[in-house]
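So the structure is just underneath, and the comments pick up after that.
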Amino acid sequence: MAHIPRKIKFCKIDELKESAPITKWVDEWKDEISAFLVEGEILVLSSICPHFGGEFERVAGTRELRCKWHGWKFNLDSGECLTFKIPGGLNHYPFSEIDGYLELTLPDEFVA
């Protein structure tokens, strides 16, 4: 079985902008992850819609994401789907700010 790193260096903190998230595919974790700067707060979560894998855009003036494919909305803080009651939602990733970088931690529940 391949080793799955528990921590990854994701981006420089000063690269984060309110106007656009930083999005990267993390092959080791098999997830596309976005870091958002929202009202000065950093939020890091999965950026693939669980419905059909569409990409998201932030809904201006809100703390919501909208899938570009079918319009499903998700709460940025909880990851919960706001359009339909579905199990699960978007995965949140805990992080630390270390030496000017955002370092993500793979949550225990994601490790088999």
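Labels used: A, B, ... for chains in the order of the structure tokens, numbers from 1 for residues in each chain, and numbers from 1 for ligands as shown.
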
Q: Find the residues near range 21-27 of chain A: any atom within 9 Å, counting only C-alpha atoms, skip ones fewer than 5 places away on the same chain, and give them as number ranges by chain.
A: A: 8, 10-11, 15-16, 32-37, 47, 58

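For the choices A:Pro107, A:Gly61, A:Gly40, A:Pro50, the atom-to-atom distance to Gly89 in chain A is smallest for A:Pro50 when using only C-alpha atoms.
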
Expressed in Å, the length from CA of Gly79 in chain A to CA of His92 in chain A is 7.0 Å

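Distance annotation: of A:Cys49, A:Val38, A:Leu90, A:Val44, the residue with the minimal separation from Gly71 in chain A is A:Cys49; atom set is only C-alpha atoms.
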
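Among the candidates A:Lys68, A:Lys17, A:Lys85, A:Lys12, the residue lying nearest to Gly54 in chain A is A:Lys68 (atoms considered: only C-alpha atoms).
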
* So which residues touch His51 in chain A within 12 Å, counting only C-alpha atoms, skipping near sequence neighbours fewer than 6 positions away, as a ChimeraX atom specification? -> /A:66-74,81,83-90

Report task. Just the strand (DSSP E or B) stuff from chain A, please, per backbone DSSP, written as a PyMOL selection string. Result -> chain A and resi 7-12+17+20+22-26+31-38+41-46+56-58+64-67+73-75+81+92+95-98+101-105

Counting only C-alpha atoms, the residue among A:Ala60, A:Ile13, A:Leu43, A:Ala20 that lies closest to Pro94 in chain A is A:Leu43

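The closest residue to Tyr101 in chain A, picked from A:Thr62, A:Lys30, A:Lys9, A:Glu80 and counting only C-alpha atoms, is A:Lys9.
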
What separates CA of Glu97 in chain A and CA of Val59 in chain A is a distance of 26.2 Å

What separates CA of Glu28 in chain A and CA of His3 in chain A is a distance of 8.6 Å

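Between Gly53 in chain A and the residues A:Leu82, A:Ile98, A:Glu18, A:Asp31, the shortest atom-to-atom distance, using only C-alpha atoms, involves A:Asp31.
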